[in-house]
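The file query-v9.cif contains mmCIF, C-alpha atoms and all ligand atoms:
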data_run
#
loop_
_atom_site.label_atom_id
_atom_site.label_comp_id
_atom_site.auth_asym_id
_atom_site.auth_seq_id
_atom_site.Cartn_x
_atom_site.Cartn_y
_atom_site.Cartn_z
CA GLU A 1375 24.11 21.74 11.81
CA LYS A 1376 23.35 25.45 12.02
CA ILE A 1377 21.20 27.42 9.66
CA THR A 1378 20.60 31.17 9.54
CA LEU A 1379 17.34 33.00 8.98
CA SER A 1380 17.97 36.49 7.57
CA VAL A 1381 15.27 39.11 7.13
CA ILE A 1382 16.60 42.14 5.26
CA LYS A 1383 14.36 44.99 4.13
CA ALA A 1384 14.60 48.27 2.27
CA ASP A 1385 12.39 50.90 0.70
CA VAL A 1386 13.61 51.35 -2.85
CA GLY A 1387 10.61 53.05 -4.37
CA SER A 1388 6.85 52.78 -4.42
CA ILE A 1389 3.66 53.62 -6.31
CA SER A 1390 1.80 56.91 -5.83
CA GLY A 1391 3.86 58.01 -2.83
CA HIS A 1392 5.27 55.88 0.01
CA VAL A 1393 2.36 53.41 -0.27
CA MET A 1394 3.55 50.06 -1.61
CA PRO A 1395 6.08 48.72 -4.11
CA HIS A 1396 5.16 47.69 -7.65
CA PRO A 1397 4.80 43.93 -8.32
CA ASP A 1398 7.58 44.20 -10.94
CA GLN A 1399 9.96 45.32 -8.17
CA LEU A 1400 9.12 42.23 -6.12
CA ALA A 1401 9.60 40.13 -9.27
CA ALA A 1402 13.02 41.68 -9.90
CA ALA A 1403 14.15 40.97 -6.32
CA THR A 1404 12.71 37.44 -6.55
CA LYS A 1405 14.73 36.75 -9.71
CA VAL A 1406 17.99 37.70 -7.98
CA LEU A 1407 17.24 35.47 -4.99
CA ALA A 1408 16.02 32.59 -7.17
CA GLU A 1409 19.35 32.56 -8.98
CA ALA A 1410 21.17 32.47 -5.64
CA LYS A 1411 19.01 29.56 -4.53
CA GLN A 1412 19.81 27.72 -7.74
CA LYS A 1413 23.53 28.24 -7.12
CA GLY A 1414 23.13 26.91 -3.59
CA LEU A 1415 23.92 30.14 -1.72
CA LEU A 1416 20.39 30.27 -0.31
CA ILE A 1417 18.52 27.25 0.96
CA ASP A 1418 15.19 29.02 0.57
CA PHE A 1419 13.63 32.48 0.38
CA HIS A 1420 10.40 34.46 0.26
CA VAL A 1421 9.92 38.00 -1.02
CA THR A 1422 7.09 40.20 0.19
CA HIS A 1423 6.40 43.77 1.29
CA VAL A 1424 4.76 45.78 4.02
CA GLY A 1425 3.85 49.32 3.05
CA ASP A 1426 6.64 50.63 0.82
CA ASP A 1427 9.30 48.25 2.15
CA ILE A 1428 10.49 45.17 0.28
CA GLN A 1429 11.11 42.25 2.63
CA LEU A 1430 13.62 39.52 1.82
CA ILE A 1431 13.23 36.44 4.02
CA MET A 1432 16.14 34.06 3.40
CA THR A 1433 17.65 30.89 4.86
CA HIS A 1434 21.27 29.80 4.34
CA ARG A 1435 24.33 28.30 6.05
CA LYS A 1436 26.58 31.38 6.06
CA GLY A 1437 25.81 32.70 9.55
CA VAL A 1438 24.86 36.26 10.54
CA ASP A 1439 26.49 39.27 8.88
CA ALA A 1440 27.73 37.08 6.02
CA PRO A 1441 29.13 39.30 3.23
CA GLU A 1442 27.77 37.01 0.46
CA ILE A 1443 24.23 37.16 1.86
CA HIS A 1444 24.32 40.90 2.46
CA GLU A 1445 25.67 41.47 -1.03
CA LEU A 1446 22.90 39.30 -2.43
CA ALA A 1447 20.28 41.37 -0.61
CA TRP A 1448 21.96 44.54 -1.83
CA ASN A 1449 21.82 43.27 -5.42
CA ALA A 1450 18.15 42.30 -5.05
CA PHE A 1451 17.35 45.82 -3.80
CA LYS A 1452 19.40 47.33 -6.60
CA ALA A 1453 17.42 45.32 -9.15
CA ALA A 1454 14.14 46.49 -7.54
CA ALA A 1455 15.42 50.08 -7.52
CA LYS A 1456 16.26 49.81 -11.21
CA VAL A 1457 12.66 48.82 -11.94
CA ALA A 1458 11.51 51.73 -9.78
CA ARG A 1459 13.59 54.11 -11.87
CA GLU A 1460 12.30 52.66 -15.14
CA LEU A 1461 8.69 53.02 -13.97
CA LYS A 1462 9.47 56.45 -12.49
CA LEU A 1463 8.15 55.24 -9.15
CA TYR A 1464 8.39 57.48 -6.14
CA ALA A 1465 11.60 57.61 -4.04
CA ALA A 1466 13.38 55.10 -6.30
CA GLY A 1467 16.43 53.67 -4.55
CA GLN A 1468 15.69 55.69 -1.39
CA ASP A 1469 17.20 53.40 1.24
CA LEU A 1470 20.36 52.53 -0.69
CA LEU A 1471 22.35 55.31 0.91
CA SER A 1472 25.60 54.44 -0.79
CA ASP A 1473 26.48 53.76 -4.42
CA ALA A 1474 28.85 50.98 -3.49
CA PHE A 1475 28.36 47.87 -1.37
CA SER A 1476 31.03 47.37 1.27
CA GLY A 1477 30.72 43.91 2.79
CA ASN A 1478 27.70 44.48 5.02
CA VAL A 1479 24.37 46.21 4.36
CA ARG A 1480 24.16 47.45 7.95
CA GLY A 1481 24.91 51.15 7.92
CA LEU A 1482 24.09 51.43 4.22
CA GLY A 1483 20.33 51.86 4.63
CA PRO A 1484 18.59 48.47 4.73
CA GLY A 1485 17.32 47.00 8.03
CA VAL A 1486 18.55 43.57 9.13
CA ALA A 1487 17.35 40.91 11.57
CA GLU A 1488 19.26 37.61 11.50
CA ILE A 1489 19.33 34.64 13.78
CA GLU A 1490 21.60 31.60 13.58
CA MET A 1491 20.04 28.48 15.03
CA VAL A 1492 20.35 24.78 15.50
CA GLU A 1493 16.94 23.66 14.24
CA ARG A 1494 14.85 22.16 16.98
CA LYS A 1495 12.77 19.04 16.33
CA ALA A 1496 10.17 21.44 15.01
CA GLU A 1497 11.16 25.06 14.47
CA PRO A 1498 8.17 27.42 14.53
CA VAL A 1499 9.20 31.02 13.81
CA ILE A 1500 7.32 34.27 13.34
CA THR A 1501 8.73 37.13 11.28
CA PHE A 1502 7.38 40.62 11.91
CA HIS A 1503 7.46 43.34 9.29
CA ALA A 1504 6.53 46.92 10.21
CA ASP A 1505 6.16 50.09 8.17
CA LYS A 1506 6.04 53.78 9.12
CA THR A 1507 7.67 53.28 12.48
CA GLU A 1508 11.03 52.69 14.17
CA PRO A 1509 12.84 49.70 15.75
CA GLY A 1510 11.79 50.72 19.28
CA ALA A 1511 8.18 50.03 18.24
CA PHE A 1512 8.89 46.38 19.07
CA ASN A 1513 10.04 47.17 22.64
CA LEU A 1514 6.60 46.96 24.20
CA PRO A 1515 5.43 43.75 22.53
CA ILE A 1516 8.82 42.02 22.94
CA PHE A 1517 8.81 42.91 26.62
CA ARG A 1518 5.32 41.56 27.03
CA ILE A 1519 6.16 38.34 25.16
CA PHE A 1520 9.26 37.50 27.21
CA ALA A 1521 8.69 39.19 30.57
CA ASP A 1522 5.02 39.83 31.26
CA PRO A 1523 3.12 36.91 32.80
CA PHE A 1524 -0.15 38.72 32.10
CA ASN A 1525 0.65 38.27 28.41
CA THR A 1526 2.61 35.03 28.43
CA ALA A 1527 1.06 32.35 30.58
CA GLY A 1528 4.06 30.10 29.94
CA LEU A 1529 6.29 32.28 32.11
CA VAL A 1530 4.26 31.01 35.05
CA ILE A 1531 3.18 27.59 33.81
CA ASP A 1532 6.06 26.17 31.75
CA PRO A 1533 9.09 25.16 33.88
CA ARG A 1534 11.39 25.58 30.87
CA MET A 1535 10.60 29.30 30.79
CA HIS A 1536 10.32 29.84 34.50
CA ASP A 1537 13.88 31.22 34.91
CA GLY A 1538 13.06 34.03 32.52
CA PHE A 1539 14.91 35.66 29.65
CA ILE A 1540 17.93 37.88 29.02
CA PHE A 1541 17.24 41.15 27.19
CA GLU A 1542 20.04 42.72 25.18
CA VAL A 1543 19.20 46.43 25.03
CA TYR A 1544 20.94 48.57 22.44
CA ASP A 1545 21.56 52.31 22.73
CA VAL A 1546 21.18 53.55 19.15
CA PHE A 1547 22.97 56.83 19.87
CA GLU A 1548 26.03 55.36 21.57
CA GLY A 1549 26.18 52.08 19.64
CA LYS A 1550 26.49 50.18 22.96
CA SER A 1551 24.39 47.41 24.43
CA VAL A 1552 23.68 45.98 27.86
CA LYS A 1553 22.33 42.57 28.84
CA LEU A 1554 19.67 42.61 31.54
CA SER A 1555 17.92 39.73 33.19
CA ALA A 1556 14.13 39.38 33.47
CA PRO A 1557 12.33 39.09 35.82
CA GLU A 1558 15.01 40.22 38.34
CA GLU A 1559 15.97 43.41 36.50
CA MET A 1560 12.57 44.07 34.99
CA TYR A 1561 12.39 47.64 36.28
CA ASP A 1562 15.82 48.49 34.86
CA ILE A 1563 14.80 47.02 31.52
CA LEU A 1564 11.64 49.13 31.52
CA ALA A 1565 13.52 52.25 32.62
CA LEU A 1566 15.55 51.96 29.42
CA ILE A 1567 13.15 50.57 26.82
CA GLY A 1568 10.38 52.99 27.79
CA THR A 1569 12.48 55.40 25.68
CA PRO A 1570 12.05 53.52 22.41
CA GLY A 1571 13.70 56.21 20.26
CA ARG A 1572 16.99 55.50 22.02
CA TYR A 1573 16.98 52.09 23.71
CA VAL A 1574 15.92 49.16 21.56
CA VAL A 1575 15.56 45.53 22.58
CA ARG A 1576 17.91 43.93 20.09
CA ARG A 1577 18.10 40.28 21.12
CA VAL A 1578 16.42 38.00 23.65
CA TYR A 1579 17.91 34.78 25.04
CA ARG A 1580 16.36 32.04 27.16
CA LYS A 1581 18.19 32.09 30.47
CA SER A 1582 18.26 28.35 31.13
CA ASP A 1583 20.30 27.47 28.02
CA ASN A 1584 21.13 30.77 26.29
CA LEU A 1585 19.02 29.85 23.25
CA GLN A 1586 18.43 32.98 21.17
CA ALA A 1587 14.68 33.50 20.98
CA ALA A 1588 14.36 36.87 19.20
CA VAL A 1589 16.16 39.54 17.21
CA VAL A 1590 15.06 43.01 16.09
CA SER A 1591 16.64 45.20 13.40
CA VAL A 1592 18.14 48.26 15.07
CA GLU A 1593 19.26 50.37 12.12
CA ARG A 1594 18.10 53.96 12.43
CA LEU A 1595 18.26 55.44 8.98
CA ASN A 1596 18.17 59.08 10.07
CA LEU A 1597 21.12 58.57 12.37
CA ILE A 1598 23.04 56.85 9.58
CA ALA A 1599 22.21 59.39 6.91
CA GLY A 1600 22.56 62.35 9.31
CA LYS A 1601 19.30 63.79 8.07
CA TYR A 1602 15.70 62.75 7.70
CA VAL A 1603 15.35 60.03 5.07
CA GLY A 1604 12.31 58.17 6.31
CA LYS A 1605 11.63 56.05 9.35
CA ASP A 1606 13.47 52.84 9.85
CA ASP A 1607 10.58 50.47 9.38
CA PRO A 1608 11.90 47.58 11.47
CA VAL A 1609 11.74 43.81 11.17
CA ALA A 1610 11.93 41.17 13.88
CA ILE A 1611 12.21 37.41 14.23
CA VAL A 1612 10.72 35.49 17.16
CA ARG A 1613 11.07 31.73 17.68
CA ALA A 1614 8.11 30.06 19.39
CA GLN A 1615 6.91 26.99 21.32
CA HIS A 1616 8.81 24.16 23.10
CA GLY A 1617 9.78 26.11 26.19
CA LEU A 1618 9.54 29.45 24.40
CA PRO A 1619 6.41 31.60 24.31
CA ALA A 1620 3.67 29.92 22.23
CA ALA A 1621 2.81 31.45 18.86
CA GLY A 1622 -0.41 32.73 20.42
CA GLU A 1623 1.50 34.33 23.30
CA VAL A 1624 3.79 36.02 20.81
CA LEU A 1625 0.84 37.38 18.81
CA GLU A 1626 -1.13 38.32 21.95
CA ALA A 1627 1.41 41.08 22.61
CA PHE A 1628 0.15 42.86 19.48
CA SER A 1629 -3.49 42.89 20.58
CA PHE A 1630 -2.97 46.33 22.12
CA PRO A 1631 -2.31 48.94 19.40
CA HIS A 1632 0.25 50.97 21.35
CA LEU A 1633 1.48 54.38 20.22
CA VAL A 1634 4.69 54.41 18.24
CA ALA A 1635 6.76 57.08 16.48
CA GLY A 1636 6.66 57.26 12.70
CA TRP A 1637 3.63 57.75 10.49
CA MET A 1638 3.55 60.84 8.26
CA ARG A 1639 7.07 62.09 7.52
CA GLY A 1640 8.36 59.90 10.33
CA SER A 1641 7.31 62.72 12.65
CA HIS A 1642 4.11 61.60 14.36
CA HIS A 1643 2.90 59.24 17.05
CA GLY A 1644 0.20 56.82 16.03
CA PRO A 1645 -1.11 53.36 16.89
CA LEU A 1646 0.67 50.27 15.57
CA ILE A 1647 -2.01 48.29 13.69
CA PRO A 1648 -1.53 44.53 13.26
CA VAL A 1649 -2.57 43.81 9.67
CA PRO A 1650 -2.87 40.93 7.22
CA GLN A 1651 -0.99 41.11 3.94
CA ARG A 1652 -3.98 42.60 2.10
CA TYR A 1653 -3.82 45.68 4.34
CA ALA A 1654 -0.06 45.96 4.09
CA LYS A 1655 -0.22 49.26 2.25
CA VAL A 1656 -0.28 52.63 3.93
CA THR A 1657 -2.93 55.17 3.00
CA ARG A 1658 -4.33 57.46 5.70
CA PHE A 1659 -1.79 60.20 6.44
CA ASP A 1660 0.80 57.79 5.00
CA GLY A 1661 -0.15 55.23 7.62
CA PRO A 1662 -1.08 54.59 10.30
CA PRO A 1663 1.98 52.55 11.32
CA ARG A 1664 1.40 48.87 10.81
CA VAL A 1665 2.89 45.47 11.39
CA MET A 1666 2.43 42.18 9.57
CA ALA A 1667 3.23 38.77 11.09
CA LEU A 1668 4.20 35.77 8.98
CA GLY A 1669 4.24 32.29 10.51
CA TRP A 1670 6.79 29.67 9.39
CA ASN A 1671 8.25 26.33 10.19
CA ILE A 1672 11.84 25.80 9.19
CA ALA A 1673 12.68 22.30 7.95
CA LYS A 1674 16.37 21.75 7.18
CA GLY A 1675 16.46 25.38 6.19
CA LYS A 1676 13.37 25.18 3.99
CA LEU A 1677 10.76 27.84 4.71
CA ILE A 1678 7.40 26.15 5.25
CA GLY A 1679 4.71 28.82 5.05
CA PRO A 1680 3.92 31.62 5.38
CA VAL A 1681 0.70 31.83 7.37
CA ASP A 1682 -0.67 35.37 7.37
CA LEU A 1683 -1.08 35.45 11.15
CA PHE A 1684 -2.94 38.71 11.71
CA ASP A 1685 -5.53 37.67 9.09
CA ASP A 1686 -7.99 36.73 11.82
CA VAL A 1687 -11.23 38.21 13.18
CA ALA A 1688 -9.59 37.90 16.60
CA PHE A 1689 -7.59 41.03 15.70
CA ASP A 1690 -10.56 42.98 14.29
CA GLU A 1691 -11.22 44.79 17.58
CA THR A 1692 -7.53 45.72 17.86
CA ARG A 1693 -7.77 47.22 14.40
CA ARG A 1694 -11.00 49.05 15.24
CA LEU A 1695 -9.48 50.51 18.39
CA ALA A 1696 -6.37 51.48 16.42
CA VAL A 1697 -8.48 53.33 13.86
CA GLN A 1698 -10.25 55.23 16.67
CA ILE A 1699 -6.89 56.11 18.21
CA ALA A 1700 -5.66 57.22 14.80
CA GLU A 1701 -8.66 59.54 14.49
CA TYR A 1702 -8.11 60.94 17.99
CA MET A 1703 -4.40 61.53 17.40
CA ARG A 1704 -4.97 63.12 13.99
CA ARG A 1705 -7.22 65.78 15.49
CA HIS A 1706 -4.16 67.23 17.23
CA GLY A 1707 -2.80 68.23 13.83
CA PRO A 1708 0.68 69.70 14.26
CA PHE A 1709 0.57 69.60 18.08
CA MET A 1710 2.50 67.30 20.35
CA PRO A 1711 2.10 64.58 21.42
CA HIS A 1712 0.78 63.65 17.95
CA ARG A 1713 3.74 65.40 16.38
CA LEU A 1714 7.01 64.10 17.84
CA GLY A 1715 8.94 66.14 20.42
CA PRO A 1716 11.77 68.53 19.59
CA GLU A 1717 14.57 65.96 20.10
CA GLU A 1718 13.09 63.81 17.36
CA MET A 1719 12.31 66.79 15.13
CA GLU A 1720 15.99 67.71 15.08
CA TYR A 1721 16.34 65.81 11.87
CA THR A 1722 13.59 67.71 10.11
CA THR A 1723 12.71 71.37 9.72
CA LEU A 1724 12.73 72.48 13.36
CA PRO A 1725 16.39 73.62 13.45
CA ALA A 1726 15.83 75.58 10.23
CA VAL A 1727 12.76 77.32 11.68
CA LEU A 1728 14.63 78.24 14.87
CA GLU A 1729 17.59 79.51 12.87
CA LYS A 1730 15.36 81.66 10.67
CA LEU A 1731 13.58 83.19 13.67
CA LYS A 1732 16.57 83.60 15.96
CA ASP A 1733 16.94 87.38 15.46
CA ARG A 1734 13.21 87.93 15.85
CA PHE A 1735 13.04 86.53 19.37
CA VAL A 1736 13.05 89.54 21.73
CA LYS A 1737 13.19 89.57 25.48
CA THR A 1738 9.76 90.74 26.64
CA GLU A 1739 10.21 90.55 30.40
CA GLU A 1740 12.94 91.82 32.69
CA VAL A 1741 15.08 89.22 34.36
CA HIS A 1742 13.72 90.08 37.86
CA VAL A 1743 10.16 89.42 36.64
CA ILE A 1744 11.19 86.00 35.39
CA ARG A 1745 12.85 85.34 38.78
CA ARG A 1746 9.64 86.31 40.61
CA HIS A 1747 7.68 83.88 38.49
CA SER A 1748 9.94 81.07 39.52
CA GLU A 1749 9.81 82.17 43.16
CA LEU A 1750 6.03 82.08 43.06
CA LEU A 1751 6.18 78.63 41.57
CA SER A 1752 8.55 77.32 44.23
CA GLY A 1753 6.69 79.10 47.04
CA THR A 1754 9.68 81.02 48.45
CA SER A 1755 8.30 84.52 47.90
CA GLU A 1756 5.54 84.00 50.46
CA GLU A 1757 8.08 83.57 53.24
CA GLU A 1758 9.98 86.62 52.10
CA GLN A 1759 6.83 88.72 52.48
CA LYS A 1760 6.42 87.72 56.14
C1 LIG B 1801 7.38 58.24 6.19
C2 LIG B 1801 7.28 58.40 4.76
C3 LIG B 1801 6.33 59.38 4.19
C4 LIG B 1801 7.06 60.58 3.62
C5 LIG B 1801 6.08 61.61 3.06
C6 LIG B 1801 6.79 62.79 2.41
O1 LIG B 1801 8.32 57.29 6.51
O2 LIG B 1801 7.99 57.75 4.02
O3 LIG B 1801 5.38 59.77 5.15
O4 LIG B 1801 7.85 61.17 4.61
O5 LIG B 1801 5.26 61.00 2.09
O6 LIG B 1801 7.64 62.30 1.43
P1 LIG B 1801 8.46 63.23 0.47
O7 LIG B 1801 9.22 64.20 1.32
O8 LIG B 1801 9.35 62.27 -0.26
O9 LIG B 1801 7.46 63.91 -0.44
MG MG B 1802 9.22 55.20 2.42
MG MG B 1803 8.58 52.25 4.72
#
Written as structure tokens, how would this file's structure read?
Amino acid sequence: EKITLSVIKADVGSISGHVMPHPDQLAAATKVLAEAKQKGLLIDFHVTHVGDDIQLIMTHRKGVDAPEIHELAWNAFKAAAKVARELKLYAAGQDLLSDAFSGNVRGLGPGVAEIEMVERKAEPVITFHADKTEPGAFNLPIFRIFADPFNTAGLVIDPRMHDGFIFEVYDVFEGKSVKLSAPEEMYDILALIGTPGRYVVRRVYRKSDNLQAAVVSVERLNLIAGKYVGKDDPVAIVRAQHGLPAAGEVLEAFSFPHLVAGWMRGSHHGPLIPVPQRYAKVTRFDGPPRVMALGWNIAKGKLIGPVDLFDDVAFDETRRLAVQIAEYMRRHGPFMPHRLGPEEMEYTTLPAVLEKLKDRFVKTEEVHVIRRHSELLSGTSEEEQK
């Protein structure tokens, strides 16, 4: 019998800026899901948050992209948004881009990661919840978990993993995906996913039996809304153990606080800090970007847990390094590479600034001078002189 784990998240308002939701919002969402559990639509659920995003973790038998489940999530977010409006919280209802639900929350604002599975004898799963960053933020750790033997000892040691994994890489601009095989096509995978703003690892499968081991939400809010609305604050699900990477190998990939896009106004690079629930609110410069990991076992669809996995001294040094990197990056102020590059700034004020200044740009050098500059650079002018 198959069960589905669905993690659906949205930012529908928060206290004192984009910091964290109000407990009454979580209570409102919980009430909606509790009723659905009572009716038998959900087997189990858990409601939490990271930063300003409400996270709905749900199990059921309806499969992925099930209209009833998506509508339920939509209604839970609507209830939380209603509370936000009553309390005059900030950005109430922000991620609900449409007034009407239309069968699937994807494309309407919320982020979705769902995985349908036949429960193994024991089914250890980790859900990841990030704020102030984008789906591609998971590229580096997911690659390390499933393709890097320096991270995952099991790739070398465990015969069940030895064949490697299939990476489904999604192009968020074209809406197309490609399946690539690790380790054979490792360099092709990296050539794509090293551009995390465009190519996102969406799903990972074990090669030997096609078991789906991971899924990442790929919704990019800005691209959906056509303008800047906030970053996409992704979620991910990773199954562990039994011929998959061990829980500790999965978490190990987050011990390096790599730079990701997001942070203040979704327009800055900063380190991704692995945090426990108590640090799952964003303060400095609306960040820095952070990720929480919850550990579960699934038992006939029941969610056993969570364990707050980054709540460990073993990640203290990662956090300290991340804070140092945050300080270093912040000192660049509005300069790249702290601020994102022009392609990413397209959705913010950059086009407006260029438009405003377009008549004030004047040509200050003659064309032949510009040509000489390029000749000097390419070294051709020297030969001409001889
Ligand atoms: C980033 C984010 C915040 C806001 C910032 C400005 O994802 O949500 O950094 O972009 O607080 O918010 P507004 O424009 O709503 O004042
Ligand atoms: Mg927000
Ligand atoms: Mg957020």
List all protein, DNA and RNA residues that have at least one atom no more than 12 Å from any atom of ligand LIG 1801 (chain B), counting all atoms listed in the file, and write them as a ChimeraX atom specification.
-> /A:1384-1394,1425-1427,1463-1469,1504-1508,1594-1596,1602-1608,1635-1643,1655-1664,1722-1723
Pick from A:Gly1414, A:Pro1484, A:Pro1397, A:Gly1528 nearest to ligand MG 1803 (chain B), counting all atoms listed in the file =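 Counting all atoms listed in the file, the residue closest to ligand MG 1803 (chain B) is A:Pro1484.
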Pick out the closest residue to ligand MG 1803 (chain B) from this set: A:Pro1557, A:Gly1485, A:Gly1437, A:Pro1619. Count only C-alpha atoms and all ligand atoms.
->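 So, comparing all the options, the nearest one is A:Gly1485.
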May I ask which of the residues A:Pro1708, A:Pro1509, A:Pro1570, A:Pro1395 is the closest one to ligand MG 1802 (chain B), counting all atoms listed in the file?
->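 Distance minimum relative to ligand MG 1802 (chain B) lands on A:Pro1395.
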Using 9 Å as the limit and counting only C-alpha atoms, can you tabulate each residue of stretch 1453-1519 of chain A that touches stretch 1572-1582 of chain A, with its shortest atom-to-atom distance in Å and the two atoms involved, as a tab-separated table?
residue	atom	partner	partner_atom	distance
A:Pro1509	CA	A:Val1574	CA	6.6
A:Gly1510	CA	A:Val1574	CA	5.0
A:Ala1511	CA	A:Val1574	CA	8.5
A:Phe1512	CA	A:Val1575	CA	7.6
A:Asn1513	CA	A:Val1575	CA	5.8
A:Ile1516	CA	A:Val1575	CA	7.6
A:Phe1517	CA	A:Val1575	CA	8.3
Among the residues A:Val1381, A:Ile1428, A:Val1687, A:Ala1450, the one that comes closest to ligand MG 1803 (chain B) [using only C-alpha atoms and all ligand atoms] |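 Ranking A:Val1381, A:Ile1428, A:Val1687, A:Ala1450 by distance to ligand MG 1803 (chain B), first place goes to A:Ile1428.
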Between atom CA of A:Arg1480 and atom CA of A:Ser1551, what is the distance, to one decimal in Å?
->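 These two atoms are separated by 16.5 Å.
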Would you list the contacts of A:Arg1435 as a VMD selection string, taking every protein, DNA or RNA residue within 7 Å and counting only C-alpha atoms, but skipping same-chain residues closer than 2 positions in sequence?
-> chain A and resid 1376 to 1378 1437
Give me the box for stretch 1520-1533 of chain A as lines of an AutoDock Vina configuration file, namely the centre and edge lengths in Å to one decimal of a box along x, y and z that holds every listed atom plus 8 Å on each side.
center_x = 4.6
center_y = 32.5
center_z = 31.1
size_x = 25.4
size_y = 30.7
size_z = 23.8
So what do you get for atom CA of A:Lys1405 versus atom CA of A:Val1492, distance-wise?
->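 Atom-to-atom, atom CA of A:Lys1405 to atom CA of A:Val1492, that is 28.5 Å.
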What residues have an atom no more than 7 Å from (-1.9, 41.6, 16.3) in the file's own frame, counting only C-alpha atoms, and can you write them as a compact mmCIF listing (two decimals) with C-alpha atoms, in the frame of the given file?
# COMPACT_ATOMS: atom_id res chain seq x y z
CA LEU A 1625 0.84 37.38 18.81
CA GLU A 1626 -1.13 38.32 21.95
CA PHE A 1628 0.15 42.86 19.48
CA SER A 1629 -3.49 42.89 20.58
CA PRO A 1648 -1.53 44.53 13.26
CA PHE A 1684 -2.94 38.71 11.71
CA PHE A 1689 -7.59 41.03 15.70
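Atom CA of A:Ala1610 sits 26.4 Å away from atom CA of A:Gln1698.
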When distances are computed from all atoms listed in the file, which of A:Ala1654, A:His1632, A:Phe1547, A:Pro1515 shows the smallest separation from ligand MG 1803 (chain B)?
-> A:Ala1654
Top pick for closest residue to A:Pro1441, considering A:Ile1519, A:Val1479, A:Ala1410, A:Leu1724 and counting all atoms listed in the file =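 Nearest candidate to A:Pro1441 out of A:Ile1519, A:Val1479, A:Ala1410, A:Leu1724: A:Val1479.
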Long-range neighbours of A:Phe1630 as a VMD selection string, 12 Å cut-off, all atoms listed in the file, 6 positions minimum in chain = chain A and resid 1514 to 1515 1518 1525 1645 to 1648 1689 to 1696 1699
Would you list the residues near (-4.1, 64.8, 17.7), meaning any protein, DNA or RNA residue with an atom at most 12 Å from that point in file coordinates, counting only C-alpha atoms, as a count of residues only?
-> 21
Starting from the incomplete input, reconstruct all heavy atoms of stretch 1515-1519 of chain A and write that as an mmCIF file, in the coordinates of the input.
data_model
loop_
_atom_site.group_PDB
_atom_site.id
_atom_site.type_symbol
_atom_site.label_atom_id
_atom_site.label_comp_id
_atom_site.auth_asym_id
_atom_site.auth_seq_id
_atom_site.Cartn_x
_atom_site.Cartn_y
_atom_site.Cartn_z
ATOM 1 N N PRO A 1515 5.847 45.153 22.713
ATOM 2 C CA PRO A 1515 5.430 43.750 22.530
ATOM 3 C C PRO A 1515 6.520 42.728 22.893
ATOM 4 O O PRO A 1515 6.196 41.684 23.474
ATOM 5 C CB PRO A 1515 5.052 43.663 21.045
ATOM 6 C CG PRO A 1515 5.474 44.940 20.415
ATOM 7 C CD PRO A 1515 5.639 45.955 21.486
ATOM 8 N N ILE A 1516 7.773 42.988 22.591
ATOM 9 C CA ILE A 1516 8.820 42.020 22.940
ATOM 10 C C ILE A 1516 8.925 41.882 24.463
ATOM 11 O O ILE A 1516 9.086 40.784 24.994
ATOM 12 C CB ILE A 1516 10.198 42.434 22.339
ATOM 13 C CG1 ILE A 1516 10.161 42.331 20.809
ATOM 14 C CG2 ILE A 1516 11.331 41.590 22.917
ATOM 15 C CD1 ILE A 1516 10.352 40.944 20.231
ATOM 16 N N PHE A 1517 8.799 42.991 25.160
ATOM 17 C CA PHE A 1517 8.810 42.910 26.620
ATOM 18 C C PHE A 1517 7.659 42.051 27.111
ATOM 19 O O PHE A 1517 7.828 41.167 27.945
ATOM 20 C CB PHE A 1517 8.731 44.312 27.258
ATOM 21 C CG PHE A 1517 8.670 44.243 28.757
ATOM 22 C CD1 PHE A 1517 9.827 44.122 29.514
ATOM 23 C CD2 PHE A 1517 7.441 44.242 29.423
ATOM 24 C CE1 PHE A 1517 9.774 44.002 30.894
ATOM 25 C CE2 PHE A 1517 7.374 44.122 30.802
ATOM 26 C CZ PHE A 1517 8.551 44.008 31.539
ATOM 27 N N ARG A 1518 6.483 42.311 26.557
ATOM 28 C CA ARG A 1518 5.320 41.560 27.030
ATOM 29 C C ARG A 1518 5.452 40.067 26.711
ATOM 30 O O ARG A 1518 5.083 39.217 27.521
ATOM 31 C CB ARG A 1518 4.036 42.143 26.420
ATOM 32 C CG ARG A 1518 3.821 43.598 26.878
ATOM 33 C CD ARG A 1518 2.403 44.039 26.742
ATOM 34 N NE ARG A 1518 1.537 43.263 27.600
ATOM 35 C CZ ARG A 1518 0.243 43.076 27.397
ATOM 36 N NH1 ARG A 1518 -0.330 43.609 26.332
ATOM 37 N NH2 ARG A 1518 -0.471 42.365 28.229
ATOM 38 N N ILE A 1519 6.010 39.746 25.548
ATOM 39 C CA ILE A 1519 6.160 38.340 25.160
ATOM 40 C C ILE A 1519 7.082 37.592 26.133
ATOM 41 O O ILE A 1519 6.786 36.480 26.565
ATOM 42 C CB ILE A 1519 6.741 38.227 23.722
ATOM 43 C CG1 ILE A 1519 5.739 38.748 22.691
ATOM 44 C CG2 ILE A 1519 7.139 36.786 23.397
ATOM 45 C CD1 ILE A 1519 6.360 39.029 21.315
#
